[in-house]
Each structure stands twice: as C-alpha cells, then as structure tokens.
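Below is upload-v5.cif, holding mmCIF, C-alpha atoms and all ligand atoms.
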data_my_file
#
loop_
_atom_site.label_atom_id
_atom_site.label_comp_id
_atom_site.auth_asym_id
_atom_site.auth_seq_id
_atom_site.Cartn_x
_atom_site.Cartn_y
_atom_site.Cartn_z
CA LYS K 30 41.86 -5.86 17.05
CA GLN K 31 38.26 -5.53 15.97
CA ARG K 32 37.80 -6.25 12.27
CA VAL K 33 36.19 -3.62 10.02
CA PHE K 34 34.97 -4.14 6.50
CA SER K 35 33.69 -1.61 4.00
CA GLY K 36 33.23 -1.41 0.26
CA ILE K 37 32.60 1.01 -2.55
CA GLN K 38 31.20 0.41 -6.02
CA PRO K 39 33.31 1.24 -9.08
CA SER K 40 30.19 2.70 -10.66
CA GLY K 41 31.87 5.99 -11.52
CA VAL K 42 34.32 8.45 -10.07
CA PRO K 43 33.92 8.75 -6.29
CA THR K 44 31.93 11.79 -5.23
CA LEU K 45 32.38 14.18 -2.37
CA GLY K 46 29.55 12.19 -0.71
CA ASN K 47 31.49 8.94 -0.93
CA TYR K 48 34.57 10.74 0.34
CA LEU K 49 33.07 12.57 3.32
CA GLY K 50 30.53 9.87 4.21
CA ALA K 51 32.80 6.88 3.84
CA ILE K 52 36.36 6.88 2.44
CA ARG K 53 37.75 9.62 4.67
CA ASN K 54 36.57 7.78 7.75
CA TRP K 55 38.22 4.56 6.63
CA VAL K 56 41.72 6.04 6.84
CA PRO K 57 42.25 6.28 10.64
CA LEU K 58 40.72 2.81 11.15
CA GLN K 59 43.76 1.30 9.42
CA ASP K 60 45.80 1.95 12.54
CA THR K 61 43.28 1.08 15.22
CA HIS K 62 41.51 -1.87 13.60
CA ASP K 63 42.06 -4.87 11.37
CA ALA K 64 40.76 -3.05 8.28
CA ILE K 65 39.52 -4.70 5.08
CA TYR K 66 38.38 -2.49 2.18
CA CYS K 67 36.98 -3.64 -1.11
CA VAL K 68 36.12 -2.24 -4.53
CA VAL K 69 32.81 -4.00 -5.02
CA ASP K 70 32.56 -4.72 -8.74
CA LEU K 71 30.00 -7.52 -8.22
CA HIS K 72 27.69 -4.86 -6.79
CA ALA K 73 28.44 -2.48 -9.66
CA ILE K 74 26.98 -4.87 -12.27
CA THR K 75 23.57 -4.89 -10.57
CA GLN K 76 22.78 -1.65 -12.44
CA PRO K 77 23.33 -0.72 -16.10
CA PHE K 78 27.08 -0.42 -16.75
CA ASP K 79 29.58 -0.44 -19.60
CA PRO K 80 31.65 -3.64 -19.70
CA LYS K 81 34.33 -1.80 -21.68
CA GLN K 82 34.74 0.69 -18.83
CA LEU K 83 34.38 -1.51 -15.77
CA ALA K 84 38.00 -2.65 -15.42
CA ALA K 85 39.35 0.89 -15.82
CA GLN K 86 36.78 2.24 -13.37
CA THR K 87 37.70 -0.45 -10.86
CA ARG K 88 41.37 0.47 -11.07
CA GLU K 89 40.52 4.16 -10.90
CA MET K 90 38.46 3.62 -7.76
CA ALA K 91 41.33 1.72 -6.15
CA ALA K 92 43.71 4.56 -7.06
CA ALA K 93 41.27 7.06 -5.57
CA LEU K 94 41.13 5.09 -2.33
CA ILE K 95 44.91 4.95 -2.10
CA ALA K 96 45.16 8.66 -2.93
CA CYS K 97 42.69 9.41 -0.12
CA GLY K 98 45.02 7.70 2.34
CA LEU K 99 44.34 3.96 2.28
CA ASP K 100 47.68 2.20 2.39
CA PRO K 101 47.68 -1.30 0.86
CA GLU K 102 50.31 -2.26 3.43
CA ARG K 103 48.28 -1.13 6.46
CA CYS K 104 44.90 -2.40 5.30
CA VAL K 105 43.66 -5.19 3.06
CA LEU K 106 42.59 -3.52 -0.19
CA PHE K 107 41.24 -5.65 -3.03
CA VAL K 108 38.61 -6.18 -5.72
CA GLN K 109 35.49 -8.16 -4.79
CA SER K 110 35.37 -10.41 -7.87
CA HIS K 111 38.95 -11.57 -7.15
CA VAL K 112 37.81 -13.35 -3.99
CA HIS K 113 35.22 -16.05 -4.67
CA ALA K 114 33.97 -16.21 -1.07
CA HIS K 115 31.73 -13.17 -1.70
CA ALA K 116 29.65 -14.80 -4.43
CA ARG K 117 29.60 -18.22 -2.73
CA LEU K 118 28.39 -16.88 0.60
CA ALA K 119 25.93 -14.52 -1.13
CA TRP K 120 24.29 -17.55 -2.75
CA ILE K 121 23.83 -19.21 0.63
CA PHE K 122 22.40 -15.93 1.96
CA ASN K 123 19.98 -15.74 -1.00
CA CYS K 124 18.57 -18.93 0.47
CA VAL K 125 18.55 -17.61 4.05
CA ALA K 126 17.09 -14.09 3.58
CA ARG K 127 13.30 -13.95 3.19
CA LEU K 128 11.59 -12.14 0.32
CA GLY K 129 9.61 -10.15 2.87
CA TRP K 130 12.85 -8.74 4.30
CA LEU K 131 14.15 -7.65 0.91
CA ASN K 132 10.80 -6.10 0.03
CA ARG K 133 11.32 -3.55 2.80
CA MET K 134 14.64 -2.22 1.44
CA THR K 135 14.28 1.42 0.47
CA GLN K 136 17.48 1.52 -1.60
CA PHE K 137 16.02 -1.05 -4.01
CA LYS K 138 12.94 1.10 -4.42
CA ASP K 139 15.08 4.20 -5.05
CA LYS K 140 17.49 2.52 -7.45
CA ALA K 141 14.96 0.43 -9.36
CA GLY K 142 12.97 3.59 -10.08
CA LYS K 143 9.55 3.50 -11.64
CA ASP K 144 10.07 0.48 -13.88
CA ARG K 145 10.68 -2.03 -11.11
CA GLU K 146 9.96 -5.02 -13.37
CA ALA K 147 13.00 -4.09 -15.45
CA ALA K 148 15.45 -4.01 -12.51
CA SER K 149 17.99 -6.85 -12.39
CA SER K 150 17.44 -9.62 -9.86
CA GLY K 151 20.98 -8.80 -8.71
CA LEU K 152 19.83 -5.36 -7.60
CA TYR K 153 17.08 -7.00 -5.57
CA VAL K 154 19.47 -9.34 -3.72
CA TYR K 155 22.19 -6.67 -3.41
CA PRO K 156 21.78 -6.58 0.42
CA ASN K 157 22.44 -10.34 0.60
CA LEU K 158 25.74 -9.87 -1.23
CA MET K 159 26.57 -6.97 1.07
CA ALA K 160 25.93 -9.20 4.11
CA ALA K 161 28.24 -11.80 2.56
CA ASP K 162 30.97 -9.19 1.98
CA ILE K 163 31.08 -8.41 5.68
CA LEU K 164 30.38 -11.82 7.18
CA ALA K 165 32.85 -13.71 4.96
CA TYR K 166 35.49 -12.01 7.11
CA HIS K 167 33.59 -12.18 10.41
CA ALA K 168 33.91 -8.40 10.44
CA THR K 169 31.92 -6.73 13.22
CA LEU K 170 32.24 -3.03 12.42
CA VAL K 171 31.18 -1.40 9.15
CA PRO K 172 31.93 2.28 8.50
CA VAL K 173 29.27 3.51 6.08
CA GLY K 174 27.22 6.55 5.23
CA ASP K 175 23.89 6.92 6.93
CA ASP K 176 22.10 5.57 3.81
CA GLN K 177 23.38 2.03 4.45
CA LYS K 178 21.92 1.50 7.94
CA GLN K 179 18.95 -0.50 6.74
CA HIS K 180 21.18 -2.93 4.83
CA LEU K 181 23.24 -3.57 7.93
CA GLU K 182 20.14 -4.38 9.96
CA LEU K 183 19.26 -6.90 7.26
CA ALA K 184 22.78 -8.36 7.42
CA ASN K 185 22.26 -8.93 11.14
CA ASP K 186 18.93 -10.65 10.48
CA ILE K 187 20.64 -12.91 7.95
CA ALA K 188 23.47 -13.75 10.35
CA GLN K 189 21.00 -14.59 13.11
CA LYS K 190 18.82 -16.73 10.91
CA PHE K 191 21.86 -18.59 9.55
CA ASN K 192 23.06 -19.25 13.10
CA HIS K 193 19.60 -20.42 14.12
CA ASP K 194 18.95 -22.60 11.05
CA PHE K 195 22.35 -24.27 11.08
CA GLY K 196 22.66 -24.59 14.83
CA ALA K 197 25.87 -22.68 15.49
CA GLU K 198 26.89 -19.30 16.89
CA PHE K 199 28.92 -18.84 13.74
CA PHE K 200 28.37 -15.35 12.35
CA PRO K 201 28.93 -12.41 14.73
CA ALA K 202 26.68 -9.36 15.14
CA ILE K 203 27.60 -6.35 13.02
CA GLU K 204 27.56 -2.72 14.09
CA PRO K 205 27.43 0.25 11.70
CA LEU K 206 29.91 3.03 12.28
CA ILE K 207 28.36 6.28 11.07
CA GLN K 208 30.73 9.16 11.51
CA GLY K 209 30.99 12.85 11.11
CA VAL K 210 28.87 15.86 10.27
CA ALA K 211 28.59 14.87 6.61
CA ALA K 212 27.29 11.34 7.08
CA ARG K 213 24.91 12.17 4.25
CA VAL K 214 25.93 14.67 1.59
CA MET K 215 22.99 15.76 -0.53
CA SER K 216 22.68 16.48 -4.25
CA LEU K 217 23.63 20.03 -5.26
CA ARG K 218 20.45 20.20 -7.36
CA ASP K 219 18.02 18.81 -4.79
CA GLY K 220 18.63 18.98 -1.06
CA THR K 221 16.33 16.04 -0.38
CA LYS K 222 18.24 13.56 -2.58
CA LYS K 223 21.65 12.14 -1.69
CA MET K 224 24.65 13.01 -3.81
CA SER K 225 25.32 10.00 -5.99
CA LYS K 226 28.01 9.05 -8.50
CA SER K 227 25.44 7.60 -10.90
CA ASP K 228 23.01 10.55 -10.79
CA ALA K 229 22.11 11.52 -14.37
CA SER K 230 23.16 15.12 -13.71
CA ASP K 231 26.88 15.77 -13.31
CA GLN K 232 25.91 19.15 -11.84
CA SER K 233 24.37 17.35 -8.85
CA ARG K 234 27.72 16.20 -7.50
CA ILE K 235 31.36 17.06 -6.93
CA ASN K 236 33.55 14.31 -8.37
CA LEU K 237 36.91 13.80 -6.68
CA THR K 238 38.46 14.37 -10.12
CA ASP K 239 36.73 17.71 -10.82
CA ASP K 240 39.23 20.51 -11.41
CA ALA K 241 39.09 23.86 -9.61
CA ASP K 242 36.92 25.51 -12.27
CA ALA K 243 34.40 22.68 -12.31
CA VAL K 244 34.16 22.70 -8.50
CA ALA K 245 33.66 26.48 -8.42
CA LEU K 246 31.03 26.36 -11.16
CA LYS K 247 29.08 23.51 -9.58
CA ILE K 248 29.06 25.19 -6.19
CA ARG K 249 28.09 28.53 -7.71
CA ARG K 250 25.18 26.86 -9.49
CA ALA K 251 24.14 24.76 -6.49
CA ARG K 252 20.51 25.25 -5.60
CA THR K 253 19.84 27.45 -2.56
CA ASP K 254 16.99 29.48 -1.13
CA PRO K 255 17.00 33.30 -1.31
CA GLU K 256 17.55 33.96 2.42
CA PRO K 257 21.00 34.75 3.84
CA LEU K 258 22.70 32.09 6.00
CA PRO K 259 21.24 31.80 9.50
CA GLU K 260 23.25 32.81 12.55
CA SER K 261 23.01 29.39 14.19
CA ALA K 262 22.41 25.75 13.29
CA ALA K 263 18.81 25.89 14.53
CA GLY K 264 18.08 28.23 11.60
CA LEU K 265 18.94 25.44 9.13
CA GLU K 266 15.71 23.64 10.00
CA GLY K 267 13.63 23.21 6.84
CA ARG K 268 16.46 24.56 4.64
CA ALA K 269 17.88 21.36 3.16
CA GLU K 270 20.17 23.02 0.61
CA ALA K 271 21.62 25.49 3.11
CA ARG K 272 22.14 22.71 5.62
CA ASN K 273 23.96 20.65 3.01
CA LEU K 274 26.41 23.39 1.98
CA VAL K 275 27.11 24.33 5.60
CA GLY K 276 27.63 20.64 6.41
CA ILE K 277 30.09 20.25 3.55
CA LEU K 278 32.18 23.23 4.65
CA ALA K 279 32.09 21.99 8.25
CA ALA K 280 33.29 18.54 7.18
CA VAL K 281 36.07 19.87 4.98
CA ALA K 282 37.23 22.40 7.58
CA GLY K 283 37.00 19.90 10.45
CA ALA K 284 34.53 22.19 12.25
CA THR K 285 30.92 21.94 13.42
CA PRO K 286 28.05 23.55 11.45
CA GLU K 287 27.62 25.82 14.47
CA ALA K 288 31.19 27.10 14.11
CA VAL K 289 30.76 27.60 10.35
CA LEU K 290 27.67 29.71 11.02
CA ARG K 291 29.48 31.71 13.69
CA ASP K 292 31.92 32.74 10.94
CA HIS K 293 29.51 33.04 8.02
CA GLY K 294 26.02 33.53 9.47
CA GLY K 295 24.24 36.50 7.87
CA LYS K 296 26.22 36.25 4.62
CA GLY K 297 24.49 35.78 1.30
CA PHE K 298 25.04 32.54 -0.57
CA SER K 299 27.14 34.02 -3.35
CA GLU K 300 29.79 35.07 -0.83
CA PHE K 301 29.55 31.82 1.12
CA LYS K 302 29.80 29.70 -2.01
CA GLU K 303 33.12 31.27 -2.88
CA VAL K 304 34.52 30.36 0.53
CA LEU K 305 33.17 26.84 0.14
CA ALA K 306 34.57 26.34 -3.37
CA GLU K 307 37.98 27.54 -2.26
CA ALA K 308 38.03 25.18 0.74
CA LEU K 309 36.98 22.26 -1.45
CA VAL K 310 39.61 22.92 -4.08
CA ALA K 311 42.32 23.19 -1.42
CA HIS K 312 41.18 19.91 0.08
CA LEU K 313 40.87 17.97 -3.19
CA THR K 314 43.94 19.17 -5.10
CA PRO K 315 46.54 16.98 -3.33
CA ILE K 316 44.27 13.92 -3.61
CA GLN K 317 43.88 14.49 -7.34
CA ALA K 318 47.61 14.89 -7.87
CA GLU K 319 48.28 11.61 -6.06
CA MET K 320 45.56 9.82 -8.03
CA LYS K 321 47.08 10.98 -11.28
CA ARG K 322 50.52 9.80 -10.18
CA LEU K 323 49.15 6.36 -9.25
CA LEU K 324 47.28 5.93 -12.53
CA GLY K 325 50.49 6.71 -14.39
CA ASP K 326 51.60 3.22 -13.34
CA PRO K 327 48.48 1.02 -13.65
CA GLY K 328 50.57 -2.15 -13.28
CA ALA K 329 51.59 -1.13 -9.77
CA VAL K 330 47.96 -0.52 -8.74
CA ASP K 331 46.94 -3.92 -10.15
CA ALA K 332 49.82 -5.63 -8.33
CA ALA K 333 48.78 -4.06 -5.02
CA LEU K 334 45.22 -5.29 -5.61
CA ARG K 335 46.43 -8.83 -6.40
CA LEU K 336 48.33 -8.92 -3.15
CA GLY K 337 45.30 -7.55 -1.32
CA ALA K 338 43.12 -10.32 -2.78
CA GLU K 339 45.58 -12.95 -1.57
CA ARG K 340 45.44 -11.55 1.95
CA ALA K 341 41.65 -11.35 1.79
CA ARG K 342 41.41 -15.00 0.67
CA ALA K 343 43.58 -16.09 3.57
CA VAL K 344 40.96 -14.66 5.97
CA ALA K 345 37.80 -15.63 4.09
CA ASP K 346 38.63 -19.15 2.89
CA PRO K 347 38.56 -20.94 6.28
CA ILE K 348 35.36 -19.06 7.23
CA MET K 349 33.75 -20.16 3.94
CA THR K 350 34.82 -23.77 4.45
CA GLU K 351 33.15 -23.79 7.85
CA ALA K 352 29.99 -22.05 6.55
CA GLU K 353 29.68 -24.67 3.79
CA ARG K 354 30.22 -27.49 6.28
CA LEU K 355 27.44 -26.07 8.49
CA VAL K 356 25.09 -25.90 5.49
CA GLY K 357 25.87 -29.55 4.82
CA PHE K 358 27.74 -29.40 1.50
CA LEU K 359 29.94 -32.42 0.76
CA PRO K 360 33.53 -31.30 1.47
CA ARG K 361 35.70 -30.85 -1.62
N1 LIG B 1 25.73 11.22 -0.52
C1 LIG B 1 26.40 10.49 0.35
N2 LIG B 1 26.73 10.98 1.56
C2 LIG B 1 27.42 10.26 2.45
N3 LIG B 1 27.87 9.01 2.19
C3 LIG B 1 27.58 8.46 0.99
N4 LIG B 1 27.86 7.26 0.44
C4 LIG B 1 27.35 7.24 -0.80
N5 LIG B 1 26.72 8.38 -1.08
C5 LIG B 1 26.84 9.17 0.01
C6 LIG B 1 28.63 6.22 1.10
O1 LIG B 1 29.65 5.82 0.19
C7 LIG B 1 29.96 4.45 0.40
C8 LIG B 1 30.11 3.74 -0.89
O2 LIG B 1 28.92 3.75 -1.60
P1 LIG B 1 28.71 2.75 -2.82
O3 LIG B 1 29.61 3.07 -3.91
O4 LIG B 1 28.80 1.36 -2.35
O5 LIG B 1 27.23 2.95 -3.27
P2 LIG B 1 26.18 4.02 -2.99
O6 LIG B 1 25.92 4.14 -1.55
O7 LIG B 1 25.02 3.66 -3.85
O8 LIG B 1 26.88 5.34 -3.51
P3 LIG B 1 26.55 6.21 -4.75
O9 LIG B 1 27.57 7.26 -4.86
O10 LIG B 1 25.12 6.64 -4.70
O11 LIG B 1 26.77 5.21 -5.92
P4 LIG B 1 25.82 4.75 -7.07
O12 LIG B 1 25.37 6.03 -7.70
O13 LIG B 1 26.65 3.93 -7.96
O14 LIG B 1 24.70 3.99 -6.47
C9 LIG B 1 28.85 3.89 1.30
O15 LIG B 1 29.40 3.70 2.59
C10 LIG B 1 27.82 4.97 1.31
O16 LIG B 1 27.15 5.01 2.56
#
I need this file expressed as structure tokens, please.
Amino acid sequence: KQRVFSGIQPSGVPTLGNYLGAIRNWVPLQDTHDAIYCVVDLHAITQPFDPKQLAAQTREMAAALIACGLDPERCVLFVQSHVHAHARLAWIFNCVARLGWLNRMTQFKDKAGKDREAASSGLYVYPNLMAADILAYHATLVPVGDDQKQHLELANDIAQKFNHDFGAEFFPAIEPLIQGVAARVMSLRDGTKKMSKSDASDQSRINLTDDADAVALKIRRARTDPEPLPESAAGLEGRAEARNLVGILAAVAGATPEAVLRDHGGKGFSEFKEVLAEALVAHLTPIQAEMKRLLGDPGAVDAALRLGAERARAVADPIMTEAERLVGFLPR
C-alpha cells in the first residue's frame, strides 16, 4: 500500500476550510492506503500561541479528527512532538535546504505579515519541518489543500538534494493529492483570502464547533456582491465571494458547482444563504456531537494518541537511523 502522510496544526478549532480542503479527504484513504496523520504541535509554536492552551487545543484537534471519521485503529494518529524523528530530521533538512529556496515561500510572506523581522526563525524554516514530517515515514502521497503545493515542491527539492549530497537514493519523491471542489475555501469576509483558523476575525470562518445560530449568522453576514446567483459556473468568473459560497454548498452536498447553480441560479443571496446555512448545520451537527462525546473522556483520547505515537515511532525510527548514518553521525 502506498503511504500517505498529512498533518494539521492545533492552532485553533479546525475550520470548514481545514475540513473540506483536508480532513474530509483523509477519511477514505484509511482503507486504501497506509495512512499516517499527525497533529503538528511543533508547527503550531512557530506563530504566537498560548502555552496554557496548547495541550488542550492539541487534544481538541485530535478529537475533531476522530469525530470527522479518522479511526485510530485504521490509521496512525499521533502528536508530532511525541515522535522525536520530526525535529531530528528537520534539523538535518535545515542544513540541506538553501536560503534562496525558503525565500520564495509565499506562506512565510503571508504569515509573517508586514513586520517580517519579528517573525520567528521557526516560521521561516517551517517548510523544512514539513518535509521532515513526510519523509521521516518515506510517505509518497500527501493530501493537502491547494495552499500547500509550494511546500511540497520544496520537500521534493530537499529530498533530491539530500539524496545527491549523501550519495543514496534514500528519500522517495512526494506527490500532492489535492481533492475536491473546495480545495481552497475562502474567508467569508474577503473572497481573495483563504479561510484560516488564526484569522483575527471569527466572522471570517466557520469553526467546526460553531452552533447552528453562529453558522447561520456568519453565513448571513458573509460578504457578497449585489447581483443574483448566475445560471452557470462560467458566471462565477470575477465573483470570488459568490464562487466561494457556491463551492461550499457543492462540497457539502457532494455536487458540482454547476449542479448547485442549476438548482439555485437566479436566486438572490439572502435566499441562497439560508439553504447554505441549513446544509452546513445538517452536515456539522453529528460531527460536533461526536467531538463532545470524545472530549468527555480526555484520558481515552490521550491513550489513543500515545498508541499512535508508538506506531509512528516504529516506522520512523529505522528511517532516521539510516538518514543519520548517511549524514555520517557516529552511531549511538
Ligand atoms: N481555507 C482552506 N481551504 C482548503 N484547505 C485548507 N487548509 C487550510 N486552510 C484551508 C488545509 O488544512 C490543512 C491543515 O492546515 P494547517 O493547520 O496545517 O495550517 P494552515 O494551512 O495554515 O491552516 P489554517 O487554518 O490557515 O491555520 P493557521 O491559521 O493556524 O495558519 C492543510 O492541508 C491545508 O492545506
């Protein structure tokens, strides 16, 4: 079976973007692939965070993943900091990746914002850690949202340079797996910005934990243009907000944007938004109930994660030993 790896930061409650662009697509891969999924807390500390909240957020993210359908028995589900291979391999990759490569990463520019000098050096080398996450397991397929493509190209450059510098065909090539109509869900306040769990405005996103009223209110207030919905997908050109809302309904309903517009084309947004809010609430309610049930027994979630970390170590440790031998470290 081909091995897949993917991760998500415990930097807040997962959003509809994380769910539609990533988590939801991870579920079926459990049965067709050797699937490894990780709550990436080492990545989460690259940006301002609250140390008093991090552990709870990590557990909450794991519970959300399980509630969305990841089964700790059918996949390897664990917390990044529990498996030392990630940090060890990331250090080696810090010494393989070139500054020029990192300088081209658009996510760093977005996340560092205007005051780039004040960004952590961890944020800068984030893509090296991400390459290590994947390559520590020799994973070859990475289901991600469309925003992560550039980082995966960098991971391939790192793997190739490592293989070249240390004279071995050791790390495999990685392929991104970008799925579905909602590969990029946009902010509800600005159709040109992606929906993000750490956006300053809570109104910009749907959190998986938002109740029915919050979902309805956020959708009602979502920015739109004054025109009615177009009759076909071609009419979404240049209408980022309309495209986003149509894309969300399509993703939730398991339809194409074209089919959504066949049903709703010509309607005004106020009518369409009600349909959308209702579909979202119906979709999210069972996930929320399951999340709540899981968090009622935090010990059980932690135990599942401990077991996941053990299974992850069993895969990563021999790969790490060989990587360190190739680099020339004195064996322990
Ligand atoms: N808006 C989005 N649409 C589609 N997919 C998305 N992803 C994130 N936002 C969207 C996908 O979610 C996975 C996990 O992301 P992450 O937690 O590792 O970090 P991120 O990409 O930086 O996500 P956020 O929500 O924007 O988090 P913060 O605000 O903490 O930085 C990835 O596969 C990503 O593609």
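With all atoms listed in the file as the atoms that count, the minimum distance from ligand LIG 1 (chain B) to the choices K:Ser216, K:Gln179, K:Gln86, K:Gly129 is reached by K:Ser216.
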Contact residues around Asp60 (chain K) with all atoms listed in the file at 12 Å, ignoring same-chain residues under 6 positions, as a PyMOL selection string: chain K and resi 30-33+54+98-100+102-104
Residue among K:Phe107, K:Trp130, K:Trp120, K:Tyr155 lying closest to ligand LIG 1 (chain B), counting all atoms listed in the file: K:Tyr155
With all atoms listed in the file as the counted atoms, please give the residues lying no more than 12 Å from Arg354 (chain K), apart from itself and same-chain residues fewer than 3 positions off, as a compact mmCIF listing (two decimals) with C-alpha atoms, in the coordinates of the input.
# COMPACT_ATOMS: atom_id res chain seq x y z
CA ILE K 121 23.83 -19.21 0.63
CA PHE K 195 22.35 -24.27 11.08
CA GLY K 196 22.66 -24.59 14.83
CA ALA K 197 25.87 -22.68 15.49
CA PHE K 199 28.92 -18.84 13.74
CA PRO K 347 38.56 -20.94 6.28
CA ILE K 348 35.36 -19.06 7.23
CA MET K 349 33.75 -20.16 3.94
CA THR K 350 34.82 -23.77 4.45
CA GLU K 351 33.15 -23.79 7.85
CA GLY K 357 25.87 -29.55 4.82
CA PHE K 358 27.74 -29.40 1.50
CA LEU K 359 29.94 -32.42 0.76
CA PRO K 360 33.53 -31.30 1.47
CA ARG K 361 35.70 -30.85 -1.62
Set out as JSON lines a contact list for chain K and ligand LIG 1 (chain B) with a cut-off of 8 Å, giving each residue of chain K that qualifies its closest atom pair and distance in Å to one decimal, counting only C-alpha atoms and all ligand atoms, ordered by chain and rising residue number.
{"residue": "K:Ser35", "atom": "CA", "partner": "B:LIG1", "partner_atom": "O15", "distance": 7.0}
{"residue": "K:Gly36", "atom": "CA", "partner": "B:LIG1", "partner_atom": "O4", "distance": 5.8}
{"residue": "K:Ile37", "atom": "CA", "partner": "B:LIG1", "partner_atom": "O4", "distance": 3.8}
{"residue": "K:Gln38", "atom": "CA", "partner": "B:LIG1", "partner_atom": "O3", "distance": 3.7}
{"residue": "K:Pro39", "atom": "CA", "partner": "B:LIG1", "partner_atom": "O3", "distance": 6.6}
{"residue": "K:Ser40", "atom": "CA", "partner": "B:LIG1", "partner_atom": "O13", "distance": 4.6}
{"residue": "K:Gly41", "atom": "CA", "partner": "B:LIG1", "partner_atom": "O13", "distance": 6.6}
{"residue": "K:Pro43", "atom": "CA", "partner": "B:LIG1", "partner_atom": "O9", "distance": 6.7}
{"residue": "K:Thr44", "atom": "CA", "partner": "B:LIG1", "partner_atom": "O9", "distance": 6.3}
{"residue": "K:Leu45", "atom": "CA", "partner": "B:LIG1", "partner_atom": "N1", "distance": 7.5}
{"residue": "K:Gly46", "atom": "CA", "partner": "B:LIG1", "partner_atom": "C1", "distance": 3.7}
{"residue": "K:Asn47", "atom": "CA", "partner": "B:LIG1", "partner_atom": "O1", "distance": 3.8}
{"residue": "K:Tyr48", "atom": "CA", "partner": "B:LIG1", "partner_atom": "O1", "distance": 7.0}
{"residue": "K:Leu49", "atom": "CA", "partner": "B:LIG1", "partner_atom": "C2", "distance": 6.2}
{"residue": "K:Gly50", "atom": "CA", "partner": "B:LIG1", "partner_atom": "N3", "distance": 3.4}
{"residue": "K:Ala51", "atom": "CA", "partner": "B:LIG1", "partner_atom": "O15", "distance": 4.8}
{"residue": "K:Ile52", "atom": "CA", "partner": "B:LIG1", "partner_atom": "C7", "distance": 7.1}
{"residue": "K:Val69", "atom": "CA", "partner": "B:LIG1", "partner_atom": "O4", "distance": 7.2}
{"residue": "K:His72", "atom": "CA", "partner": "B:LIG1", "partner_atom": "O4", "distance": 7.7}
{"residue": "K:Ala73", "atom": "CA", "partner": "B:LIG1", "partner_atom": "O13", "distance": 6.9}
{"residue": "K:Lys140", "atom": "CA", "partner": "B:LIG1", "partner_atom": "O14", "distance": 7.4}
{"residue": "K:Pro172", "atom": "CA", "partner": "B:LIG1", "partner_atom": "O15", "distance": 6.6}
{"residue": "K:Val173", "atom": "CA", "partner": "B:LIG1", "partner_atom": "O15", "distance": 3.5}
{"residue": "K:Gly174", "atom": "CA", "partner": "B:LIG1", "partner_atom": "O16", "distance": 3.1}
{"residue": "K:Asp175", "atom": "CA", "partner": "B:LIG1", "partner_atom": "O16", "distance": 5.8}
{"residue": "K:Asp176", "atom": "CA", "partner": "B:LIG1", "partner_atom": "O16", "distance": 5.2}
{"residue": "K:Gln177", "atom": "CA", "partner": "B:LIG1", "partner_atom": "O16", "distance": 5.2}
{"residue": "K:Ala211", "atom": "CA", "partner": "B:LIG1", "partner_atom": "C2", "distance": 6.3}
{"residue": "K:Ala212", "atom": "CA", "partner": "B:LIG1", "partner_atom": "C2", "distance": 4.8}
{"residue": "K:Arg213", "atom": "CA", "partner": "B:LIG1", "partner_atom": "N2", "distance": 3.5}
{"residue": "K:Val214", "atom": "CA", "partner": "B:LIG1", "partner_atom": "N2", "distance": 3.8}
{"residue": "K:Met215", "atom": "CA", "partner": "B:LIG1", "partner_atom": "N1", "distance": 5.3}
{"residue": "K:Ser216", "atom": "CA", "partner": "B:LIG1", "partner_atom": "N1", "distance": 7.1}
{"residue": "K:Lys223", "atom": "CA", "partner": "B:LIG1", "partner_atom": "N1", "distance": 4.3}
{"residue": "K:Met224", "atom": "CA", "partner": "B:LIG1", "partner_atom": "N1", "distance": 3.9}
{"residue": "K:Ser225", "atom": "CA", "partner": "B:LIG1", "partner_atom": "O10", "distance": 3.6}
{"residue": "K:Lys226", "atom": "CA", "partner": "B:LIG1", "partner_atom": "O9", "distance": 4.1}
{"residue": "K:Ser227", "atom": "CA", "partner": "B:LIG1", "partner_atom": "O12", "distance": 3.6}
{"residue": "K:Asp228", "atom": "CA", "partner": "B:LIG1", "partner_atom": "O12", "distance": 6.0}
Computed interatomic separation between CA of Cys67 (chain K) and CA of Ala168 (chain K) (Å): 12.9 Å
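Using only C-alpha atoms, the nearest neighbour of Ile207 (chain K) within the list K:Val171, K:Asp326, K:Ala288, K:Glu300 is K:Val171.
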For region 229-240 of chain K, supply N, CA and C atoms and report the output as a compact mmCIF listing (two decimals), keeping the file's coordinate frame.
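Saved the output as result27.txt:
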# COMPACT_ATOMS: atom_id res chain seq x y z
N ALA K 229 22.05 11.12 -12.96
CA ALA K 229 22.11 11.52 -14.37
C ALA K 229 22.76 12.90 -14.54
N SER K 230 22.61 13.77 -13.57
CA SER K 230 23.16 15.12 -13.71
C SER K 230 24.53 15.25 -13.04
N ASP K 231 25.53 15.57 -13.86
CA ASP K 231 26.88 15.77 -13.31
C ASP K 231 26.91 17.01 -12.41
N GLN K 232 25.99 17.92 -12.64
CA GLN K 232 25.91 19.15 -11.84
C GLN K 232 25.44 18.87 -10.40
N SER K 233 24.92 17.67 -10.17
CA SER K 233 24.37 17.35 -8.85
C SER K 233 25.46 16.96 -7.86
N ARG K 234 26.67 16.72 -8.38
CA ARG K 234 27.72 16.20 -7.50
C ARG K 234 29.07 16.85 -7.76
N ILE K 235 29.94 16.75 -6.75
CA ILE K 235 31.36 17.06 -6.93
C ILE K 235 32.07 15.73 -7.06
N ASN K 236 32.74 15.52 -8.21
CA ASN K 236 33.55 14.31 -8.37
C ASN K 236 34.94 14.58 -7.80
N LEU K 237 35.57 13.57 -7.23
CA LEU K 237 36.91 13.80 -6.68
C LEU K 237 37.89 14.25 -7.76
N THR K 238 37.56 13.99 -9.03
CA THR K 238 38.46 14.37 -10.12
C THR K 238 38.11 15.73 -10.74
N ASP K 239 37.08 16.40 -10.25
CA ASP K 239 36.73 17.71 -10.82
C ASP K 239 37.85 18.73 -10.58
N ASP K 240 38.18 19.50 -11.61
CA ASP K 240 39.23 20.51 -11.41
C ASP K 240 38.63 21.76 -10.72
